[in-house]
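Visitor: My file is protein.cif. It has mmCIF, N, CA and C atoms:
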```cif
data_structure
loop_
_atom_site.label_atom_id
_atom_site.label_comp_id
_atom_site.auth_asym_id
_atom_site.auth_seq_id
_atom_site.Cartn_x
_atom_site.Cartn_y
_atom_site.Cartn_z
N MET X 17 -47.52 -44.97 -51.10
CA MET X 17 -48.82 -44.42 -51.41
C MET X 17 -49.67 -45.41 -52.22
N ASN X 18 -49.03 -46.25 -53.01
CA ASN X 18 -49.77 -47.24 -53.77
C ASN X 18 -50.46 -48.23 -52.85
N ASN X 19 -49.86 -48.52 -51.68
CA ASN X 19 -50.48 -49.44 -50.72
C ASN X 19 -51.82 -48.90 -50.23
N LEU X 20 -51.93 -47.59 -50.08
CA LEU X 20 -53.19 -47.00 -49.64
C LEU X 20 -54.29 -47.19 -50.68
N LYS X 21 -53.93 -47.10 -51.94
CA LYS X 21 -54.92 -47.27 -53.00
C LYS X 21 -55.37 -48.72 -53.10
N LYS X 22 -54.46 -49.65 -52.86
CA LYS X 22 -54.79 -51.06 -52.97
C LYS X 22 -55.64 -51.56 -51.81
N SER X 23 -55.44 -50.98 -50.63
CA SER X 23 -56.19 -51.46 -49.47
C SER X 23 -57.58 -50.84 -49.45
N LYS X 24 -58.56 -51.67 -49.70
CA LYS X 24 -59.95 -51.22 -49.70
C LYS X 24 -60.61 -51.66 -48.42
N PHE X 25 -61.38 -50.76 -47.87
CA PHE X 25 -62.10 -51.05 -46.64
C PHE X 25 -63.58 -51.23 -46.95
N ILE X 26 -64.24 -52.08 -46.15
CA ILE X 26 -65.68 -52.24 -46.26
C ILE X 26 -66.31 -51.01 -45.64
N ARG X 27 -67.27 -50.43 -46.33
CA ARG X 27 -67.95 -49.23 -45.85
C ARG X 27 -69.46 -49.41 -45.97
N PHE X 28 -70.18 -48.63 -45.18
CA PHE X 28 -71.63 -48.57 -45.33
C PHE X 28 -71.94 -47.62 -46.49
N LYS X 29 -72.91 -47.98 -47.30
CA LYS X 29 -73.36 -47.10 -48.37
C LYS X 29 -74.14 -45.95 -47.77
N LYS X 30 -74.30 -44.89 -48.53
CA LYS X 30 -75.03 -43.72 -48.07
C LYS X 30 -76.45 -44.07 -47.64
N GLU X 31 -77.13 -44.93 -48.40
CA GLU X 31 -78.50 -45.33 -48.08
C GLU X 31 -78.55 -46.14 -46.78
N GLU X 32 -77.53 -46.96 -46.56
CA GLU X 32 -77.48 -47.76 -45.34
C GLU X 32 -77.28 -46.88 -44.11
N ILE X 33 -76.38 -45.91 -44.22
CA ILE X 33 -76.16 -44.96 -43.11
C ILE X 33 -77.43 -44.18 -42.85
N HIS X 34 -78.13 -43.80 -43.90
CA HIS X 34 -79.39 -43.05 -43.73
C HIS X 34 -80.41 -43.88 -42.96
N GLN X 35 -80.55 -45.16 -43.29
CA GLN X 35 -81.49 -46.05 -42.59
C GLN X 35 -81.12 -46.16 -41.11
N ILE X 36 -79.84 -46.36 -40.84
CA ILE X 36 -79.40 -46.50 -39.45
C ILE X 36 -79.58 -45.21 -38.68
N MET X 37 -79.21 -44.09 -39.28
CA MET X 37 -79.30 -42.80 -38.58
C MET X 37 -80.75 -42.37 -38.35
N GLU X 38 -81.64 -42.77 -39.21
CA GLU X 38 -83.07 -42.48 -39.02
C GLU X 38 -83.57 -43.13 -37.72
N LEU X 39 -83.22 -44.41 -37.54
CA LEU X 39 -83.59 -45.10 -36.31
C LEU X 39 -82.82 -44.53 -35.11
N TYR X 40 -81.55 -44.24 -35.32
CA TYR X 40 -80.71 -43.70 -34.24
C TYR X 40 -81.29 -42.39 -33.70
N SER X 41 -81.75 -41.52 -34.59
CA SER X 41 -82.30 -40.23 -34.14
C SER X 41 -83.57 -40.42 -33.30
N LYS X 42 -84.37 -41.41 -33.65
CA LYS X 42 -85.58 -41.70 -32.86
C LYS X 42 -85.21 -42.23 -31.47
N LYS X 43 -84.25 -43.14 -31.43
CA LYS X 43 -83.85 -43.76 -30.16
C LYS X 43 -83.13 -42.75 -29.25
N ILE X 44 -82.38 -41.85 -29.83
CA ILE X 44 -81.68 -40.87 -29.01
C ILE X 44 -82.65 -39.82 -28.47
N SER X 45 -83.71 -39.53 -29.22
CA SER X 45 -84.69 -38.54 -28.77
C SER X 45 -85.49 -39.03 -27.56
N ILE X 46 -85.64 -40.36 -27.43
CA ILE X 46 -86.36 -40.89 -26.27
C ILE X 46 -85.39 -41.30 -25.15
N GLY X 47 -84.10 -41.07 -25.37
CA GLY X 47 -83.11 -41.32 -24.33
C GLY X 47 -82.65 -42.76 -24.21
N GLU X 48 -82.99 -43.59 -25.17
CA GLU X 48 -82.60 -45.01 -25.10
C GLU X 48 -81.14 -45.21 -25.47
N TRP X 49 -80.67 -44.46 -26.45
CA TRP X 49 -79.27 -44.54 -26.87
C TRP X 49 -78.60 -43.20 -26.61
N LYS X 50 -77.28 -43.23 -26.42
CA LYS X 50 -76.55 -42.01 -26.09
C LYS X 50 -75.55 -41.59 -27.16
N ASP X 51 -74.87 -42.55 -27.78
CA ASP X 51 -73.79 -42.21 -28.70
C ASP X 51 -73.60 -43.35 -29.70
N TYR X 52 -72.78 -43.12 -30.70
CA TYR X 52 -72.45 -44.16 -31.68
C TYR X 52 -71.01 -44.01 -32.13
N SER X 53 -70.49 -45.05 -32.72
CA SER X 53 -69.16 -45.01 -33.34
C SER X 53 -69.20 -45.88 -34.58
N ILE X 54 -68.34 -45.56 -35.53
CA ILE X 54 -68.26 -46.31 -36.78
C ILE X 54 -66.81 -46.73 -37.00
N SER X 55 -66.62 -47.97 -37.41
CA SER X 55 -65.29 -48.49 -37.69
C SER X 55 -65.30 -49.19 -39.05
N PHE X 56 -64.25 -48.94 -39.83
CA PHE X 56 -64.12 -49.56 -41.15
C PHE X 56 -62.87 -50.43 -41.16
N GLN X 57 -63.02 -51.68 -41.54
CA GLN X 57 -61.90 -52.62 -41.64
C GLN X 57 -61.89 -53.20 -43.06
N ARG X 58 -60.91 -54.03 -43.34
CA ARG X 58 -60.82 -54.63 -44.68
C ARG X 58 -61.89 -55.68 -44.92
N SER X 59 -62.33 -56.37 -43.86
CA SER X 59 -63.30 -57.44 -44.06
C SER X 59 -64.69 -57.10 -43.53
N TYR X 60 -64.83 -56.01 -42.79
CA TYR X 60 -66.13 -55.64 -42.25
C TYR X 60 -66.17 -54.16 -41.84
N ALA X 61 -67.39 -53.66 -41.66
CA ALA X 61 -67.62 -52.32 -41.12
C ALA X 61 -68.58 -52.47 -39.94
N VAL X 62 -68.41 -51.64 -38.91
CA VAL X 62 -69.24 -51.74 -37.72
C VAL X 62 -69.82 -50.39 -37.36
N PHE X 63 -71.13 -50.37 -37.11
CA PHE X 63 -71.82 -49.22 -36.52
C PHE X 63 -72.16 -49.64 -35.10
N ALA X 64 -71.48 -49.06 -34.11
CA ALA X 64 -71.67 -49.44 -32.71
C ALA X 64 -72.57 -48.42 -32.02
N ILE X 65 -73.49 -48.93 -31.21
CA ILE X 65 -74.47 -48.10 -30.49
C ILE X 65 -74.16 -48.18 -29.00
N HIS X 66 -74.10 -47.03 -28.36
CA HIS X 66 -73.76 -46.96 -26.94
C HIS X 66 -74.95 -46.44 -26.14
N ARG X 67 -75.24 -47.09 -25.03
CA ARG X 67 -76.29 -46.61 -24.12
C ARG X 67 -75.68 -45.74 -23.02
N SER X 68 -74.40 -45.89 -22.80
CA SER X 68 -73.69 -45.12 -21.78
C SER X 68 -72.37 -44.65 -22.38
N LEU X 69 -71.94 -43.46 -22.01
CA LEU X 69 -70.68 -42.95 -22.53
C LEU X 69 -69.49 -43.62 -21.86
N LYS X 70 -69.71 -44.23 -20.70
CA LYS X 70 -68.62 -44.84 -19.95
C LYS X 70 -68.35 -46.29 -20.37
N LEU X 71 -69.35 -46.96 -20.89
CA LEU X 71 -69.23 -48.37 -21.24
C LEU X 71 -69.02 -48.55 -22.74
N GLY X 72 -68.66 -49.75 -23.11
CA GLY X 72 -68.51 -50.08 -24.52
C GLY X 72 -69.86 -50.17 -25.21
N PRO X 73 -69.87 -50.52 -26.48
CA PRO X 73 -71.12 -50.58 -27.22
C PRO X 73 -72.05 -51.68 -26.71
N CYS X 74 -73.33 -51.36 -26.66
CA CYS X 74 -74.32 -52.37 -26.24
C CYS X 74 -74.82 -53.15 -27.45
N LEU X 75 -74.83 -52.52 -28.61
CA LEU X 75 -75.26 -53.16 -29.85
C LEU X 75 -74.30 -52.79 -30.97
N GLU X 76 -74.14 -53.71 -31.91
CA GLU X 76 -73.31 -53.44 -33.08
C GLU X 76 -73.99 -53.97 -34.33
N ILE X 77 -74.02 -53.14 -35.36
CA ILE X 77 -74.47 -53.58 -36.67
C ILE X 77 -73.21 -53.77 -37.50
N LYS X 78 -72.94 -55.00 -37.87
CA LYS X 78 -71.72 -55.33 -38.61
C LYS X 78 -72.08 -55.69 -40.04
N LYS X 79 -71.35 -55.10 -40.97
CA LYS X 79 -71.52 -55.41 -42.39
C LYS X 79 -70.31 -56.21 -42.84
N ASN X 80 -70.53 -57.49 -43.10
CA ASN X 80 -69.48 -58.37 -43.63
C ASN X 80 -69.65 -58.43 -45.14
N TYR X 81 -68.55 -58.64 -45.82
CA TYR X 81 -68.67 -58.74 -47.27
C TYR X 81 -67.86 -59.92 -47.77
N LYS X 82 -68.55 -60.97 -48.18
CA LYS X 82 -67.95 -62.11 -48.87
C LYS X 82 -68.89 -62.43 -50.03
N LYS X 83 -68.61 -61.89 -51.17
CA LYS X 83 -69.44 -61.99 -52.38
C LYS X 83 -70.73 -61.18 -52.25
N GLU X 84 -71.36 -61.19 -51.08
CA GLU X 84 -72.58 -60.42 -50.84
C GLU X 84 -72.47 -59.75 -49.48
N SER X 85 -73.21 -58.68 -49.31
CA SER X 85 -73.24 -58.02 -48.01
C SER X 85 -74.12 -58.81 -47.05
N ILE X 86 -73.63 -59.03 -45.86
CA ILE X 86 -74.41 -59.68 -44.81
C ILE X 86 -74.35 -58.79 -43.58
N PHE X 87 -75.51 -58.43 -43.07
CA PHE X 87 -75.61 -57.57 -41.90
C PHE X 87 -75.91 -58.42 -40.67
N THR X 88 -75.18 -58.16 -39.59
CA THR X 88 -75.35 -58.92 -38.36
C THR X 88 -75.53 -57.94 -37.21
N LEU X 89 -76.53 -58.19 -36.38
CA LEU X 89 -76.75 -57.40 -35.17
C LEU X 89 -76.25 -58.23 -34.00
N THR X 90 -75.31 -57.66 -33.23
CA THR X 90 -74.76 -58.37 -32.08
C THR X 90 -74.88 -57.53 -30.82
N SER X 91 -74.92 -58.22 -29.70
CA SER X 91 -74.90 -57.59 -28.40
C SER X 91 -73.97 -58.41 -27.52
N GLN X 92 -72.89 -57.80 -27.07
CA GLN X 92 -71.88 -58.47 -26.25
C GLN X 92 -71.43 -59.78 -26.87
N ASN X 93 -71.10 -59.73 -28.14
CA ASN X 93 -70.60 -60.86 -28.94
C ASN X 93 -71.63 -61.98 -29.15
N ASN X 94 -72.88 -61.74 -28.88
CA ASN X 94 -73.95 -62.69 -29.16
C ASN X 94 -74.74 -62.21 -30.37
N VAL X 95 -74.90 -63.06 -31.36
CA VAL X 95 -75.64 -62.70 -32.57
C VAL X 95 -77.13 -62.68 -32.25
N ILE X 96 -77.76 -61.54 -32.52
CA ILE X 96 -79.20 -61.38 -32.28
C ILE X 96 -79.97 -61.59 -33.57
N ALA X 97 -79.48 -61.00 -34.65
CA ALA X 97 -80.15 -61.11 -35.95
C ALA X 97 -79.10 -61.04 -37.05
N SER X 98 -79.39 -61.71 -38.16
CA SER X 98 -78.49 -61.70 -39.30
C SER X 98 -79.33 -61.77 -40.57
N SER X 99 -78.97 -60.95 -41.56
CA SER X 99 -79.74 -60.94 -42.80
C SER X 99 -78.91 -60.30 -43.92
N LYS X 100 -79.27 -60.62 -45.14
CA LYS X 100 -78.68 -59.94 -46.29
C LYS X 100 -79.31 -58.57 -46.49
N ASN X 101 -80.43 -58.34 -45.81
CA ASN X 101 -81.18 -57.10 -45.94
C ASN X 101 -81.03 -56.29 -44.65
N LEU X 102 -80.48 -55.08 -44.75
CA LEU X 102 -80.30 -54.22 -43.58
C LEU X 102 -81.64 -53.87 -42.94
N GLY X 103 -82.68 -53.73 -43.73
CA GLY X 103 -84.00 -53.38 -43.21
C GLY X 103 -84.51 -54.38 -42.18
N LYS X 104 -84.24 -55.66 -42.39
CA LYS X 104 -84.68 -56.68 -41.44
C LYS X 104 -83.95 -56.54 -40.11
N VAL X 105 -82.67 -56.21 -40.15
CA VAL X 105 -81.90 -56.01 -38.93
C VAL X 105 -82.40 -54.77 -38.20
N ILE X 106 -82.68 -53.72 -38.93
CA ILE X 106 -83.17 -52.47 -38.32
C ILE X 106 -84.57 -52.67 -37.75
N ASN X 107 -85.41 -53.45 -38.40
CA ASN X 107 -86.74 -53.73 -37.86
C ASN X 107 -86.67 -54.39 -36.50
N TYR X 108 -85.66 -55.22 -36.29
CA TYR X 108 -85.49 -55.83 -34.98
C TYR X 108 -85.21 -54.75 -33.92
N LEU X 109 -84.45 -53.73 -34.29
CA LEU X 109 -84.11 -52.65 -33.36
C LEU X 109 -85.27 -51.69 -33.11
N LYS X 110 -86.27 -51.70 -33.98
CA LYS X 110 -87.42 -50.81 -33.81
C LYS X 110 -88.33 -51.25 -32.68
N LYS X 111 -88.17 -52.51 -32.26
CA LYS X 111 -88.97 -52.99 -31.14
C LYS X 111 -88.58 -52.22 -29.88
N PRO X 112 -89.52 -51.99 -28.98
CA PRO X 112 -89.17 -51.26 -27.76
C PRO X 112 -88.18 -52.04 -26.90
N TYR X 113 -87.31 -51.30 -26.25
CA TYR X 113 -86.31 -51.91 -25.37
C TYR X 113 -86.99 -52.30 -24.06
N LEU X 114 -87.01 -53.58 -23.78
CA LEU X 114 -87.63 -54.06 -22.55
C LEU X 114 -86.54 -54.58 -21.62
N LYS X 115 -86.66 -54.26 -20.37
CA LYS X 115 -85.66 -54.68 -19.40
C LYS X 115 -86.37 -55.38 -18.26
N LEU X 116 -85.85 -56.54 -17.88
CA LEU X 116 -86.43 -57.31 -16.79
C LEU X 116 -86.03 -56.68 -15.46
N VAL X 117 -87.02 -56.37 -14.65
CA VAL X 117 -86.78 -55.75 -13.35
C VAL X 117 -87.31 -56.69 -12.28
N LYS X 118 -86.48 -56.97 -11.29
CA LYS X 118 -86.90 -57.84 -10.20
C LYS X 118 -87.55 -57.05 -9.08
#
```
Transcribe the structure of this file into structure tokens.
Guide:
Amino acid sequence: MNNLKKSKFIRFKKEEIHQIMELYSKKISIGEWKDYSISFQRSYAVFAIHRSLKLGPCLEIKKNYKKESIFTLTSQNNVIASSKNLGKVINYLKKPYLKLVK
């Protein structure tokens, strides 16, 4: 039981979850996003956004912690945005989703 107390996981703060969920509720209401998942690890936490229930996450907001919190927005393992401020990462997601159609 002592091992459980010693192992600390990186988590999103209440304010951070509120910021993410505020945007999530807007995107889900227009049908752009379908679902989400949250994962907590010892070195990072991930908020994953799904556009389809059958596929894996299309976007991930990752919170790394090495002396300071660093938020990274990734899509299919490609870094889209990175900042010490979650608001800057969320502002990138507020842009409308554009898809190239041939």
Visitor: Quick check, in Å to one decimal: how far apart do CA of Glu32 (chain X) and CA of Thr90 (chain X) lie?
Guide: 17.2 Å
Visitor: To verify the selection step, state as a ChimeraX atom specification which residues the PyMOL selection byres (((chain X and resi 54 and name CA) around 10) and name CA) yields on this input.
Guide: /X:27-28,52-53,55-56,61-65,76-78
Visitor: Quick one, how far is atom C of Ile36 (chain X) from atom C of Leu102 (chain X)?
Guide: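 Going from atom C of Ile36 (chain X) over to atom C of Leu102 (chain X), I get 9.9 Å.
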Visitor: Report, in Å to a single decimal, how far apart atom C of Ile44 (chain X) and atom N of Ile96 (chain X) are.
Guide: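 If I compute the distance from atom N of Ile96 (chain X) to atom C of Ile44 (chain X), I get 22.6 Å.
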Visitor: Selection in question (the file shown): the PyMOL selection byres (((chain X and resi 39 and name CA) around 12) and name CA). Which residues does it include, as an MDAnalysis selection string?
Guide: chainID X and resid 32:38 40:46 48:49 65 103 105:112
Visitor: Let's see if you can do this: from backbone DSSP, list all strand (DSSP E) residues in chain X, as an mmCIF file with N, CA and C atoms, in the frame of the given file.
Guide:
```cif
data_model
loop_
_atom_site.group_PDB
_atom_site.id
_atom_site.type_symbol
_atom_site.label_atom_id
_atom_site.label_comp_id
_atom_site.auth_asym_id
_atom_site.auth_seq_id
_atom_site.Cartn_x
_atom_site.Cartn_y
_atom_site.Cartn_z
ATOM 1 N N ASP X 51 -74.870 -42.550 -27.780
ATOM 2 C CA ASP X 51 -73.790 -42.210 -28.700
ATOM 3 C C ASP X 51 -73.600 -43.350 -29.700
ATOM 4 N N TYR X 52 -72.780 -43.120 -30.700
ATOM 5 C CA TYR X 52 -72.450 -44.160 -31.680
ATOM 6 C C TYR X 52 -71.010 -44.010 -32.130
ATOM 7 N N SER X 53 -70.490 -45.050 -32.720
ATOM 8 C CA SER X 53 -69.160 -45.010 -33.340
ATOM 9 C C SER X 53 -69.200 -45.880 -34.580
ATOM 10 N N ILE X 54 -68.340 -45.560 -35.530
ATOM 11 C CA ILE X 54 -68.260 -46.310 -36.780
ATOM 12 C C ILE X 54 -66.810 -46.730 -37.000
ATOM 13 N N SER X 55 -66.620 -47.970 -37.410
ATOM 14 C CA SER X 55 -65.290 -48.490 -37.690
ATOM 15 C C SER X 55 -65.300 -49.190 -39.050
ATOM 16 N N PHE X 56 -64.250 -48.940 -39.830
ATOM 17 C CA PHE X 56 -64.120 -49.560 -41.150
ATOM 18 C C PHE X 56 -62.870 -50.430 -41.160
ATOM 19 N N TYR X 60 -64.830 -56.010 -42.790
ATOM 20 C CA TYR X 60 -66.130 -55.640 -42.250
ATOM 21 C C TYR X 60 -66.170 -54.160 -41.840
ATOM 22 N N ALA X 61 -67.390 -53.660 -41.660
ATOM 23 C CA ALA X 61 -67.620 -52.320 -41.120
ATOM 24 C C ALA X 61 -68.580 -52.470 -39.940
ATOM 25 N N VAL X 62 -68.410 -51.640 -38.910
ATOM 26 C CA VAL X 62 -69.240 -51.740 -37.720
ATOM 27 C C VAL X 62 -69.820 -50.390 -37.360
ATOM 28 N N PHE X 63 -71.130 -50.370 -37.110
ATOM 29 C CA PHE X 63 -71.820 -49.220 -36.520
ATOM 30 C C PHE X 63 -72.160 -49.640 -35.100
ATOM 31 N N ALA X 64 -71.480 -49.060 -34.110
ATOM 32 C CA ALA X 64 -71.670 -49.440 -32.710
ATOM 33 C C ALA X 64 -72.570 -48.420 -32.020
ATOM 34 N N ILE X 65 -73.490 -48.930 -31.210
ATOM 35 C CA ILE X 65 -74.470 -48.100 -30.490
ATOM 36 C C ILE X 65 -74.160 -48.180 -29.000
ATOM 37 N N HIS X 66 -74.100 -47.030 -28.360
ATOM 38 C CA HIS X 66 -73.760 -46.960 -26.940
ATOM 39 C C HIS X 66 -74.950 -46.440 -26.140
ATOM 40 N N LEU X 75 -74.830 -52.520 -28.610
ATOM 41 C CA LEU X 75 -75.260 -53.160 -29.850
ATOM 42 C C LEU X 75 -74.300 -52.790 -30.970
ATOM 43 N N GLU X 76 -74.140 -53.710 -31.910
ATOM 44 C CA GLU X 76 -73.310 -53.440 -33.080
ATOM 45 C C GLU X 76 -73.990 -53.970 -34.330
ATOM 46 N N ILE X 77 -74.020 -53.140 -35.360
ATOM 47 C CA ILE X 77 -74.470 -53.580 -36.670
ATOM 48 C C ILE X 77 -73.210 -53.770 -37.500
ATOM 49 N N LYS X 78 -72.940 -55.000 -37.870
ATOM 50 C CA LYS X 78 -71.720 -55.330 -38.610
ATOM 51 C C LYS X 78 -72.080 -55.690 -40.040
ATOM 52 N N LYS X 79 -71.350 -55.100 -40.970
ATOM 53 C CA LYS X 79 -71.520 -55.410 -42.390
ATOM 54 C C LYS X 79 -70.310 -56.210 -42.840
ATOM 55 N N ASN X 80 -70.530 -57.490 -43.100
ATOM 56 C CA ASN X 80 -69.480 -58.370 -43.630
ATOM 57 C C ASN X 80 -69.650 -58.430 -45.140
ATOM 58 N N TYR X 81 -68.550 -58.640 -45.820
ATOM 59 C CA TYR X 81 -68.670 -58.740 -47.270
ATOM 60 C C TYR X 81 -67.860 -59.920 -47.770
ATOM 61 N N LYS X 82 -68.550 -60.970 -48.180
ATOM 62 C CA LYS X 82 -67.950 -62.110 -48.870
ATOM 63 C C LYS X 82 -68.890 -62.430 -50.030
ATOM 64 N N GLU X 84 -71.360 -61.190 -51.080
ATOM 65 C CA GLU X 84 -72.580 -60.420 -50.840
ATOM 66 C C GLU X 84 -72.470 -59.750 -49.480
ATOM 67 N N SER X 85 -73.210 -58.680 -49.310
ATOM 68 C CA SER X 85 -73.240 -58.020 -48.010
ATOM 69 C C SER X 85 -74.120 -58.810 -47.050
ATOM 70 N N ILE X 86 -73.630 -59.030 -45.860
ATOM 71 C CA ILE X 86 -74.410 -59.680 -44.810
ATOM 72 C C ILE X 86 -74.350 -58.790 -43.580
ATOM 73 N N PHE X 87 -75.510 -58.430 -43.070
ATOM 74 C CA PHE X 87 -75.610 -57.570 -41.900
ATOM 75 C C PHE X 87 -75.910 -58.420 -40.670
ATOM 76 N N THR X 88 -75.180 -58.160 -39.590
ATOM 77 C CA THR X 88 -75.350 -58.920 -38.360
ATOM 78 C C THR X 88 -75.530 -57.940 -37.210
ATOM 79 N N LEU X 89 -76.530 -58.190 -36.380
ATOM 80 C CA LEU X 89 -76.750 -57.400 -35.170
ATOM 81 C C LEU X 89 -76.250 -58.230 -34.000
ATOM 82 N N THR X 90 -75.310 -57.660 -33.230
ATOM 83 C CA THR X 90 -74.760 -58.370 -32.080
ATOM 84 C C THR X 90 -74.880 -57.530 -30.820
ATOM 85 N N SER X 91 -74.920 -58.220 -29.700
ATOM 86 C CA SER X 91 -74.900 -57.590 -28.400
ATOM 87 C C SER X 91 -73.970 -58.410 -27.520
ATOM 88 N N ASN X 94 -72.880 -61.740 -28.880
ATOM 89 C CA ASN X 94 -73.950 -62.690 -29.160
ATOM 90 C C ASN X 94 -74.740 -62.210 -30.370
ATOM 91 N N VAL X 95 -74.900 -63.060 -31.360
ATOM 92 C CA VAL X 95 -75.640 -62.700 -32.570
ATOM 93 C C VAL X 95 -77.130 -62.680 -32.250
ATOM 94 N N ILE X 96 -77.760 -61.540 -32.520
ATOM 95 C CA ILE X 96 -79.200 -61.380 -32.280
ATOM 96 C C ILE X 96 -79.970 -61.590 -33.570
ATOM 97 N N ALA X 97 -79.480 -61.000 -34.650
ATOM 98 C CA ALA X 97 -80.150 -61.110 -35.950
ATOM 99 C C ALA X 97 -79.100 -61.040 -37.050
ATOM 100 N N SER X 98 -79.390 -61.710 -38.160
ATOM 101 C CA SER X 98 -78.490 -61.700 -39.300
ATOM 102 C C SER X 98 -79.330 -61.770 -40.570
ATOM 103 N N SER X 99 -78.970 -60.950 -41.560
ATOM 104 C CA SER X 99 -79.740 -60.940 -42.800
ATOM 105 C C SER X 99 -78.910 -60.300 -43.920
#
```
Visitor: As a count of residues only, list the residues of chain X assigned to helix (DSSP H, G or I) by DSSP on the backbone atoms of this structure.
Guide: 29
Visitor: Quick one: everything within 8 Å of Leu69 (chain X), counting all atoms listed in the file, minus sequence neighbours fewer than 2 positions away in the same chain. Send it as a PDB file with N, CA and C atoms, in the coordinates of the input.
Guide:
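Saved to part-v6.pdb:
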```pdb
ATOM      1  N   LYS X  50     -77.280 -43.230 -26.420  1.00  0.00           N
ATOM      2  CA  LYS X  50     -76.550 -42.010 -26.090  1.00  0.00           C
ATOM      3  C   LYS X  50     -75.550 -41.590 -27.160  1.00  0.00           C
ATOM      4  N   ASP X  51     -74.870 -42.550 -27.780  1.00  0.00           N
ATOM      5  CA  ASP X  51     -73.790 -42.210 -28.700  1.00  0.00           C
ATOM      6  C   ASP X  51     -73.600 -43.350 -29.700  1.00  0.00           C
ATOM      7  N   HIS X  66     -74.100 -47.030 -28.360  1.00  0.00           N
ATOM      8  CA  HIS X  66     -73.760 -46.960 -26.940  1.00  0.00           C
ATOM      9  C   HIS X  66     -74.950 -46.440 -26.140  1.00  0.00           C
ATOM     10  N   ARG X  67     -75.240 -47.090 -25.030  1.00  0.00           N
ATOM     11  CA  ARG X  67     -76.290 -46.610 -24.120  1.00  0.00           C
ATOM     12  C   ARG X  67     -75.680 -45.740 -23.020  1.00  0.00           C
ATOM     13  N   LEU X  71     -69.350 -46.960 -20.890  1.00  0.00           N
ATOM     14  CA  LEU X  71     -69.230 -48.370 -21.240  1.00  0.00           C
ATOM     15  C   LEU X  71     -69.020 -48.550 -22.740  1.00  0.00           C
ATOM     16  N   GLY X  72     -68.660 -49.750 -23.110  1.00  0.00           N
ATOM     17  CA  GLY X  72     -68.510 -50.080 -24.520  1.00  0.00           C
ATOM     18  C   GLY X  72     -69.860 -50.170 -25.210  1.00  0.00           C
TER      19      GLY X  72
END
```
Visitor: I'd like to know which of X:Phe87, X:Lys79, X:Ile26, X:Pro73 is closest to Arg58 (chain X), using all atoms listed in the file.
Guide: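 Of the candidates, the smallest distance to Arg58 (chain X) is held by X:Ile26.
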Visitor: In terms of the shortest atom-to-atom distance over only C-alpha atoms, which of X:Leu75, X:Glu31, X:Lys24, X:Gly47 is closest to Ala97 (chain X)?
Guide: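 Looking at the shortest contact to Ala97 (chain X), the residue is X:Leu75.
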Visitor: Using all atoms listed in the file, find the one residue out of X:Lys100, X:Ile86, X:Lys29, X:Asn93 that sits nearest to Cys74 (chain X).
Guide: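 Between X:Lys100, X:Ile86, X:Lys29, X:Asn93, the residue approaching Cys74 (chain X) most closely is X:Asn93.
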